[in-house]
>>> print(open('query_31.txt').read())   # compact mmCIF, C-alpha atoms and all ligand atoms
# COMPACT_ATOMS: atom_id res chain seq x y z
CA MET A 1458 110.49 116.41 9.13
CA PRO A 1459 111.03 119.32 11.47
CA GLY A 1460 108.27 117.82 13.45
CA LYS A 1461 110.04 114.48 13.40
CA GLN A 1462 113.38 116.05 14.33
CA GLN A 1463 111.65 117.99 16.99
CA SER A 1464 110.11 114.84 18.26
CA ARG A 1465 113.41 112.95 18.03
CA ARG A 1466 115.14 115.79 19.85
CA THR A 1467 112.38 115.83 22.37
CA GLY A 1468 112.77 112.08 22.64
CA GLY A 1469 116.53 112.47 23.18
CA THR A 1470 115.94 115.07 25.87
CA SER A 1471 113.44 112.78 27.54
CA ILE A 1472 116.02 110.02 27.66
CA TYR A 1473 118.53 112.39 29.28
CA ILE A 1474 115.93 113.50 31.79
CA ALA A 1475 114.94 109.88 32.47
CA VAL A 1476 118.58 108.91 33.00
CA ALA A 1477 119.16 111.91 35.26
CA LEU A 1478 116.03 111.11 37.28
CA THR A 1479 117.08 107.48 37.58
CA ILE A 1480 120.51 108.50 38.89
CA LEU A 1481 118.87 110.93 41.32
CA ALA A 1482 116.44 108.23 42.46
CA LEU A 1483 119.30 105.75 42.92
CA GLY A 1484 121.16 108.39 44.92
CA ILE A 1485 118.17 108.94 47.19
CA VAL A 1486 117.72 105.19 47.67
CA ALA A 1487 121.43 104.86 48.50
CA CYS A 1488 121.15 107.67 51.07
CA ILE A 1489 118.11 106.09 52.68
CA LEU A 1490 119.87 102.74 52.84
CA ALA A 1491 122.94 104.30 54.39
CA LEU A 1492 120.85 106.10 57.02
CA THR A 1493 118.91 102.93 57.80
CA ILE A 1494 122.05 100.89 58.25
CA SER A 1495 123.67 103.46 60.49
CA GLY A 1496 120.45 103.66 62.52
CA CYS A 1497 120.38 99.89 62.93
CA HIS A 1498 123.95 99.92 64.02
CA SER A 1499 123.42 102.32 66.88
CA ASP A 1500 120.38 100.35 68.03
CA SER A 1501 122.28 97.11 68.06
CA GLY A 1502 125.34 98.56 69.72
CA THR A 1503 125.75 98.40 73.46
CA PRO A 1504 123.62 100.87 75.36
CA ALA A 1505 126.84 102.41 76.56
CA ASP A 1506 127.64 103.46 72.99
CA VAL A 1507 124.62 105.68 73.05
CA SER A 1508 124.44 106.78 76.64
CA PHE A 1509 127.93 107.91 77.45
CA PRO A 1510 129.16 110.98 75.61
CA ASN A 1511 132.63 110.49 77.02
CA GLY A 1512 132.89 107.35 74.95
CA SER A 1513 134.38 105.69 77.98
CA ALA A 1514 131.59 103.43 78.98
CA ALA A 1515 131.73 100.33 76.86
CA SER A 1516 133.42 98.42 79.63
CA ASP A 1517 132.61 100.77 82.51
CA PRO A 1518 130.01 99.74 85.03
CA VAL A 1519 126.70 101.29 84.18
CA ILE A 1520 125.66 103.76 86.84
CA SER A 1521 123.79 101.97 89.56
CA GLU A 1522 120.16 101.33 88.90
CA ALA A 1523 119.85 101.32 92.63
CA GLY A 1524 121.65 104.54 93.09
CA GLU A 1525 119.85 106.63 90.59
CA SER A 1526 116.39 105.41 89.97
CA SER A 1527 115.41 104.99 93.58
CA SER A 1528 115.35 108.74 93.83
CA GLY A 1529 112.64 109.20 91.31
CA ALA A 1530 111.78 106.40 88.93
CA SER A 1531 108.04 106.29 88.76
CA ASP A 1532 107.86 103.11 86.78
CA GLY A 1533 109.94 100.28 85.42
CA GLN A 1534 110.43 101.90 82.04
CA THR A 1535 111.77 105.25 83.14
CA SER A 1536 114.09 103.51 85.55
CA ASP A 1537 116.44 102.40 82.77
CA HIS A 1538 116.44 105.78 81.16
CA GLU A 1539 117.11 107.65 84.35
CA SER A 1540 119.95 105.40 85.31
CA ALA A 1541 121.82 106.32 82.16
CA SER A 1542 121.25 110.05 82.13
CA PRO A 1543 122.97 111.13 85.36
CA SER A 1544 126.30 109.86 84.05
CA SER A 1545 125.85 111.97 80.96
CA GLN A 1546 125.12 114.99 83.12
CA ALA A 1547 128.11 114.28 85.30
CA GLY A 1548 130.31 114.12 82.22
CA GLU A 1549 128.97 117.42 80.95
CA ILE A 1550 129.29 119.28 84.20
CA SER A 1551 132.68 118.78 85.73
CA LEU A 1552 134.10 115.29 85.82
CA PRO A 1553 137.19 114.71 83.69
CA GLU A 1554 137.15 112.38 80.68
CA GLU A 1555 138.19 109.25 82.47
CA SER A 1556 136.24 109.94 85.63
CA HIS A 1557 134.31 106.68 85.53
CA SER A 1558 137.41 104.56 85.80
CA ASP A 1559 138.72 106.71 88.63
CA LEU A 1560 135.82 105.85 90.89
CA PRO A 1561 136.72 103.69 93.87
CA VAL A 1562 135.79 100.04 93.62
CA LEU A 1563 134.16 98.40 96.62
CA ILE A 1564 135.02 94.84 95.73
CA GLU A 1565 136.22 93.23 92.59
CA GLY A 1566 133.70 93.61 89.82
CA GLN A 1567 131.48 95.80 91.96
CA PRO A 1568 131.15 99.43 90.88
CA ALA A 1569 131.31 102.24 93.34
CA SER A 1570 127.74 103.14 92.49
CA ALA A 1571 126.49 101.30 95.54
CA MET A 1572 128.71 103.40 97.75
CA ARG A 1573 127.33 106.53 96.20
CA PHE A 1574 123.84 105.20 96.78
CA GLU A 1575 124.55 104.80 100.50
CA GLU A 1576 125.96 108.28 100.67
CA SER A 1577 123.13 109.79 98.69
CA ILE A 1578 120.49 108.59 101.13
CA GLY A 1579 122.64 108.72 104.25
CA LEU A 1580 122.82 104.97 104.81
CA ARG A 1581 125.30 103.95 107.44
CA TYR A 1582 126.10 100.42 108.51
CA GLN A 1583 127.92 99.16 111.54
CA ILE A 1584 129.06 96.01 109.78
CA ASP A 1585 131.38 95.93 106.79
CA MET A 1586 128.97 95.77 103.88
CA ASN A 1587 131.59 95.07 101.21
CA PRO A 1588 131.05 91.30 101.09
CA TYR A 1589 127.28 91.77 100.94
CA GLU A 1590 126.74 94.85 98.85
CA GLN A 1591 126.40 93.07 95.52
CA TYR A 1592 123.65 90.87 96.93
CA VAL A 1593 121.73 93.45 98.93
CA ASN A 1594 121.76 95.69 95.89
CA PRO A 1595 121.28 93.37 92.87
CA GLU A 1596 122.44 94.44 89.44
CA ASP A 1597 118.96 93.94 88.03
CA PRO A 1598 116.81 95.61 90.67
CA MET A 1599 113.58 94.31 89.15
CA GLU A 1600 114.49 90.63 89.20
CA TYR A 1601 113.18 90.16 92.71
CA VAL A 1602 110.13 92.37 92.46
CA PHE A 1603 107.00 90.35 91.69
CA LEU A 1604 103.95 89.03 93.43
CA VAL A 1605 103.09 85.51 94.43
CA ASN A 1606 99.51 85.26 95.64
CA PRO A 1607 96.22 83.65 94.54
CA ALA A 1608 96.08 85.96 91.52
CA HIS A 1609 99.76 85.47 90.57
CA THR A 1610 100.70 81.86 91.07
CA LEU A 1611 103.84 79.78 90.61
CA GLY A 1612 103.63 76.52 88.68
CA SER A 1613 103.89 73.15 90.41
CA ASP A 1614 107.25 72.66 88.68
CA TYR A 1615 108.73 76.01 89.71
CA VAL A 1616 111.88 75.50 91.76
CA PRO A 1617 114.43 78.34 92.01
CA GLU A 1618 117.79 77.32 90.57
CA ASP A 1619 119.97 79.16 93.06
CA LEU A 1620 118.73 77.83 96.39
CA VAL A 1621 121.38 77.73 99.11
CA ASP A 1622 121.33 76.71 102.75
CA CYS A 1623 120.13 79.37 105.14
CA ALA A 1624 122.77 79.98 107.79
CA TYR A 1625 120.21 81.25 110.29
CA THR A 1626 117.99 78.16 110.20
CA ARG A 1627 116.74 77.40 113.72
CA LYS A 1628 118.79 74.58 115.17
CA ASP A 1629 116.13 72.50 116.82
CA GLY A 1630 116.39 69.42 114.67
CA ARG A 1631 114.39 70.86 111.82
CA LYS A 1632 115.44 70.48 108.22
CA MET A 1633 118.00 72.98 106.97
CA GLN A 1634 116.01 75.82 105.38
CA GLN A 1635 116.97 77.27 102.01
CA LEU A 1636 116.76 80.63 100.26
CA ARG A 1637 117.81 81.96 96.90
CA LEU A 1638 121.45 83.06 96.94
CA TYR A 1639 120.87 86.83 96.96
CA ALA A 1640 118.23 86.63 99.65
CA GLU A 1641 120.44 84.43 101.82
CA LYS A 1642 123.49 86.70 101.56
CA ALA A 1643 121.38 89.79 102.22
CA LEU A 1644 119.87 88.04 105.24
CA GLU A 1645 123.36 87.33 106.59
CA ALA A 1646 124.13 91.05 106.43
CA PHE A 1647 120.78 91.92 107.99
CA MET A 1648 121.29 89.51 110.89
CA ALA A 1649 124.93 90.49 111.39
CA GLU A 1650 123.87 94.13 111.76
CA GLY A 1651 120.98 92.99 113.94
CA ALA A 1652 123.38 91.16 116.25
CA LEU A 1653 125.09 94.50 116.95
CA ASN A 1654 121.70 95.93 117.86
CA GLY A 1655 120.38 93.35 120.28
CA VAL A 1656 118.89 90.92 117.75
CA THR A 1657 120.82 87.87 118.82
CA ASN A 1658 118.27 85.11 119.14
CA VAL A 1659 116.07 85.42 116.06
CA THR A 1660 116.23 82.38 113.78
CA VAL A 1661 114.62 81.23 110.56
CA THR A 1662 111.90 78.66 111.04
CA SER A 1663 110.73 78.43 107.44
CA ALA A 1664 112.10 79.66 104.12
CA TYR A 1665 111.74 77.99 100.69
CA ARG A 1666 108.80 75.61 100.47
CA SER A 1667 108.18 73.40 97.49
CA TYR A 1668 104.80 73.24 95.79
CA SER A 1669 104.22 69.73 97.10
CA TYR A 1670 105.13 70.67 100.67
CA GLN A 1671 102.74 73.63 100.58
CA ASP A 1672 100.10 71.25 99.24
CA TYR A 1673 100.72 68.94 102.17
CA LEU A 1674 100.73 71.82 104.65
CA PHE A 1675 97.48 73.33 103.43
CA ASN A 1676 95.66 69.99 103.49
CA HIS A 1677 97.11 69.24 106.91
CA TYR A 1678 95.65 72.48 108.29
CA VAL A 1679 92.30 71.73 106.70
CA GLU A 1680 92.17 68.24 108.21
CA GLN A 1681 93.21 69.63 111.57
CA ASN A 1682 90.35 72.14 111.61
CA MET A 1683 87.60 70.24 109.80
CA SER A 1684 85.74 69.42 113.02
CA LYS A 1685 85.00 73.12 113.55
CA PHE A 1686 83.18 73.50 110.21
CA LYS A 1687 80.24 71.98 108.38
CA THR A 1688 81.81 71.95 104.94
CA ARG A 1689 85.33 71.61 103.60
CA ALA A 1690 84.87 74.86 101.68
CA ASP A 1691 84.16 76.74 104.92
CA CYS A 1692 87.17 75.13 106.54
CA GLU A 1693 89.42 76.04 103.60
CA LYS A 1694 88.21 79.62 103.84
CA TYR A 1695 89.30 79.66 107.46
CA VAL A 1696 92.67 78.03 106.74
CA LEU A 1697 93.29 80.59 104.02
CA THR A 1698 93.46 83.30 106.69
CA PHE A 1699 96.78 81.93 107.91
CA SER A 1700 98.02 79.59 105.17
CA THR A 1701 97.96 79.46 101.40
CA LYS A 1702 97.16 76.98 98.69
CA PRO A 1703 100.09 75.50 96.74
CA GLY A 1704 101.31 77.76 93.96
CA THR A 1705 100.07 80.86 95.78
CA SER A 1706 102.65 80.84 98.59
CA GLU A 1707 105.46 83.33 98.48
CA HIS A 1708 107.60 80.73 100.21
CA GLN A 1709 107.83 78.83 96.91
CA SER A 1710 109.76 81.79 95.47
CA GLY A 1711 112.71 81.12 97.79
CA LEU A 1712 112.82 84.85 98.52
CA CYS A 1713 111.15 84.99 101.91
CA CYS A 1714 111.51 83.54 105.35
CA ASP A 1715 109.71 83.38 108.65
CA MET A 1716 111.97 84.35 111.53
CA HIS A 1717 111.35 85.10 115.17
CA ASN A 1718 112.40 84.05 118.66
CA LEU A 1719 109.19 82.42 119.82
CA SER A 1720 108.34 78.73 119.84
CA SER A 1721 105.94 79.36 116.96
CA ALA A 1722 105.07 82.36 114.82
CA GLN A 1723 102.71 84.65 116.70
CA GLN A 1724 101.73 88.27 116.34
CA SER A 1725 102.97 88.94 119.86
CA PHE A 1726 106.45 88.81 118.33
CA ALA A 1727 105.79 92.35 117.09
CA LYS A 1728 106.00 93.67 120.65
CA LYS A 1729 109.54 92.46 121.13
CA PRO A 1730 112.40 94.91 120.64
CA GLU A 1731 114.03 92.46 118.23
CA ALA A 1732 110.96 92.51 115.98
CA LYS A 1733 110.84 96.28 116.06
CA TRP A 1734 114.47 96.56 115.01
CA LEU A 1735 113.96 94.06 112.19
CA ALA A 1736 110.86 95.84 110.90
CA GLU A 1737 112.50 99.26 111.04
CA ASN A 1738 115.76 98.24 109.41
CA CYS A 1739 114.88 95.49 106.94
CA TRP A 1740 114.69 97.86 103.95
CA ARG A 1741 118.38 98.77 104.37
CA PHE A 1742 119.18 95.15 103.53
CA GLY A 1743 116.70 94.76 100.69
CA PHE A 1744 113.93 93.17 102.75
CA ILE A 1745 110.36 94.16 103.40
CA LEU A 1746 107.89 93.11 106.03
CA ARG A 1747 105.64 91.50 103.48
CA TYR A 1748 102.34 91.50 105.37
CA PRO A 1749 102.15 94.69 107.43
CA GLU A 1750 99.49 95.34 110.03
CA ASP A 1751 97.89 98.23 108.14
CA LYS A 1752 97.78 96.48 104.75
CA GLU A 1753 95.73 93.39 105.53
CA GLU A 1754 92.93 94.63 103.28
CA ILE A 1755 95.33 94.75 100.35
CA THR A 1756 97.54 91.72 100.93
CA LYS A 1757 94.59 89.57 102.12
CA ILE A 1758 97.01 88.02 104.60
CA ILE A 1759 96.96 88.72 108.31
CA TYR A 1760 99.68 90.77 109.90
CA GLU A 1761 102.86 88.66 109.99
CA PRO A 1762 105.64 90.43 111.90
CA TRP A 1763 107.84 87.37 111.26
CA HIS A 1764 107.61 87.09 107.45
CA PHE A 1765 110.33 88.97 105.57
CA ARG A 1766 110.62 89.06 101.79
CA PHE A 1767 113.72 89.97 99.79
CA VAL A 1768 113.13 92.45 96.96
CA GLY A 1769 116.52 94.18 96.76
CA ARG A 1770 117.41 97.49 98.34
CA GLU A 1771 116.19 99.78 95.59
CA ALA A 1772 112.63 98.49 95.74
CA ALA A 1773 112.70 98.11 99.53
CA THR A 1774 113.88 101.69 99.94
CA GLU A 1775 111.27 103.04 97.60
CA MET A 1776 108.49 101.07 99.27
CA HIS A 1777 109.72 102.28 102.65
CA ASP A 1778 109.70 105.89 101.47
CA LEU A 1779 106.30 105.60 99.80
CA GLY A 1780 104.72 103.61 102.61
CA MET A 1781 103.61 100.91 100.19
CA CYS A 1782 103.32 97.17 100.54
CA LEU A 1783 104.54 95.01 97.65
CA ASP A 1784 101.07 94.67 96.13
CA GLU A 1785 100.70 98.46 95.97
CA TYR A 1786 104.24 98.93 94.73
CA CYS A 1787 103.82 96.50 91.83
CA VAL A 1788 100.69 98.35 90.73
CA TYR A 1789 102.53 101.64 91.17
CA LEU A 1790 105.26 100.34 88.85
CA GLY A 1791 102.64 99.35 86.30
CA MET A 1792 103.50 95.65 86.56
CA TYR A 1793 99.95 94.57 87.25
CA ASP A 1794 96.56 96.15 86.72
CA GLN A 1795 95.33 95.87 90.27
ZN ZN A 1801 105.90 83.15 105.83
>>> encode(input="query_31.txt", output="structure tokens", more="lines below")
Ligand SMILES: [Zn+2]
Amino acid sequence: MPGKQQSRRTGGTSIYIAVALTILALGIVACILALTISGCHSDSGTPADVSFPNGSAASDPVISEAGESSSGASDGQTSDHESASPSSQAGEISLPEESHSDLPVLIEGQPASAMRFEESIGLRYQIDMNPYEQYVNPEDPMEYVFLVNPAHTLGSDYVPEDLVDCAYTRKDGRKMQQLRLYAEKALEAFMAEGALNGVTNVTVTSAYRSYSYQDYLFNHYVEQNMSKFKTRADCEKYVLTFSTKPGTSEHQSGLCCDMHNLSSAQQSFAKKPEAKWLAENCWRFGFILRYPEDKEEITKIIYEPWHFRFVGREAATEMHDLGMCLDEYCVYLGMYDQ
């Protein structure tokens, strides 16, 4: 009997222990659940919830990607991170609680970050940049940074949705040229500043080209030169030194244009003072000279002092500072292998 009682008592104790352990286990599970839910919440909240210790940023403009990451982002991933951190530092150092909302606003809906960017790198413009700033310096600085070439093609059905007429289209009876909205507005700023610096007669001879037009153009050049070659393949190889096959032309992106003041695009344009000003100043307006003289080996396209590509000011500035062409810059950002 004592043995039985002992065992019953032991059994009773076991039940208590089991119940206690169950409660403890339930408690632990509840804690884990609570932590998981709170973790999920902060992930799904706006980035501003996490990034701004002042708690003021939910509706504040995020600090300019252009302003901050151009100074040191080494790749696309760190760019986001770096753009958030300076505001945190600013809050910690000296700015008052509501400092973000006290910042001057350039134009409606446009944060003052762009102004700080200009100041931070000493950019000065002769024209009023307010109407253009939001285009020259796009909110998503990476949207316009990508390659179009034989290795990175555009589909036959790719047509940009925001094509607009190009105000600087050469008026010689040719069809009105078109560019994507941001590129067109940035070009207006570029040319307006150019006009104050002696660039008064440069016009756009070619901008957006559809896949089918590029197809026509390439075949036209091949037909035109066939008599000089034994095979079509040889002729195509030759034509590829100054034209491109459909789907591989940057002109299909709607982000580039050919502009000069000659009757047709020629390298001699580079010797003109207008071309020099354009090449030296394009980055300030978010453009790059896409096919520079010293990068032919990389771009596989001959030097084109007339072909300007819009990438946005952050990328253009960084490429200018690093001395890189777009192909090199995209690799540098880790966008492509080689
Ligand atoms: Zn071109």
>>> closest_atom_pairs(input="query_31.txt", of="chain A", to="ligand ZN 1801 (chain A)", cutoff="6 Å", atoms="all atoms listed in the file", output="CSV")
residue,atom,partner,partner_atom,distance
A:Cys1714,CA,A:ZN1801,ZN,5.6
A:Asp1715,CA,A:ZN1801,ZN,4.7
A:His1764,CA,A:ZN1801,ZN,4.6
>>> closest_residue(input="query_31.txt", among="A:Tyr1695, A:Trp1763, A:Tyr1748, A:Tyr1665", to="Lys1728 (chain A)", atoms="only C-alpha atoms")
A:Trp1763
>>> closest_residue(input="query_31.txt", among="A:Gly1791, A:Asp1614, A:Pro1703, A:Ala1640", to="Asp1672 (chain A)", atoms="only C-alpha atoms")
A:Pro1703
>>> closest_residue(input="query_31.txt", among="A:Lys1685, A:His1717, A:Lys1628, A:Lys1694", to="Ala1732 (chain A)", atoms="only C-alpha atoms")
A:His1717
>>> closest_residue(input="query_31.txt", among="A:Ala1649, A:Leu1697, A:Ala1643, A:Val1616", to="Tyr1668 (chain A)", atoms="all atoms listed in the file")
A:Val1616
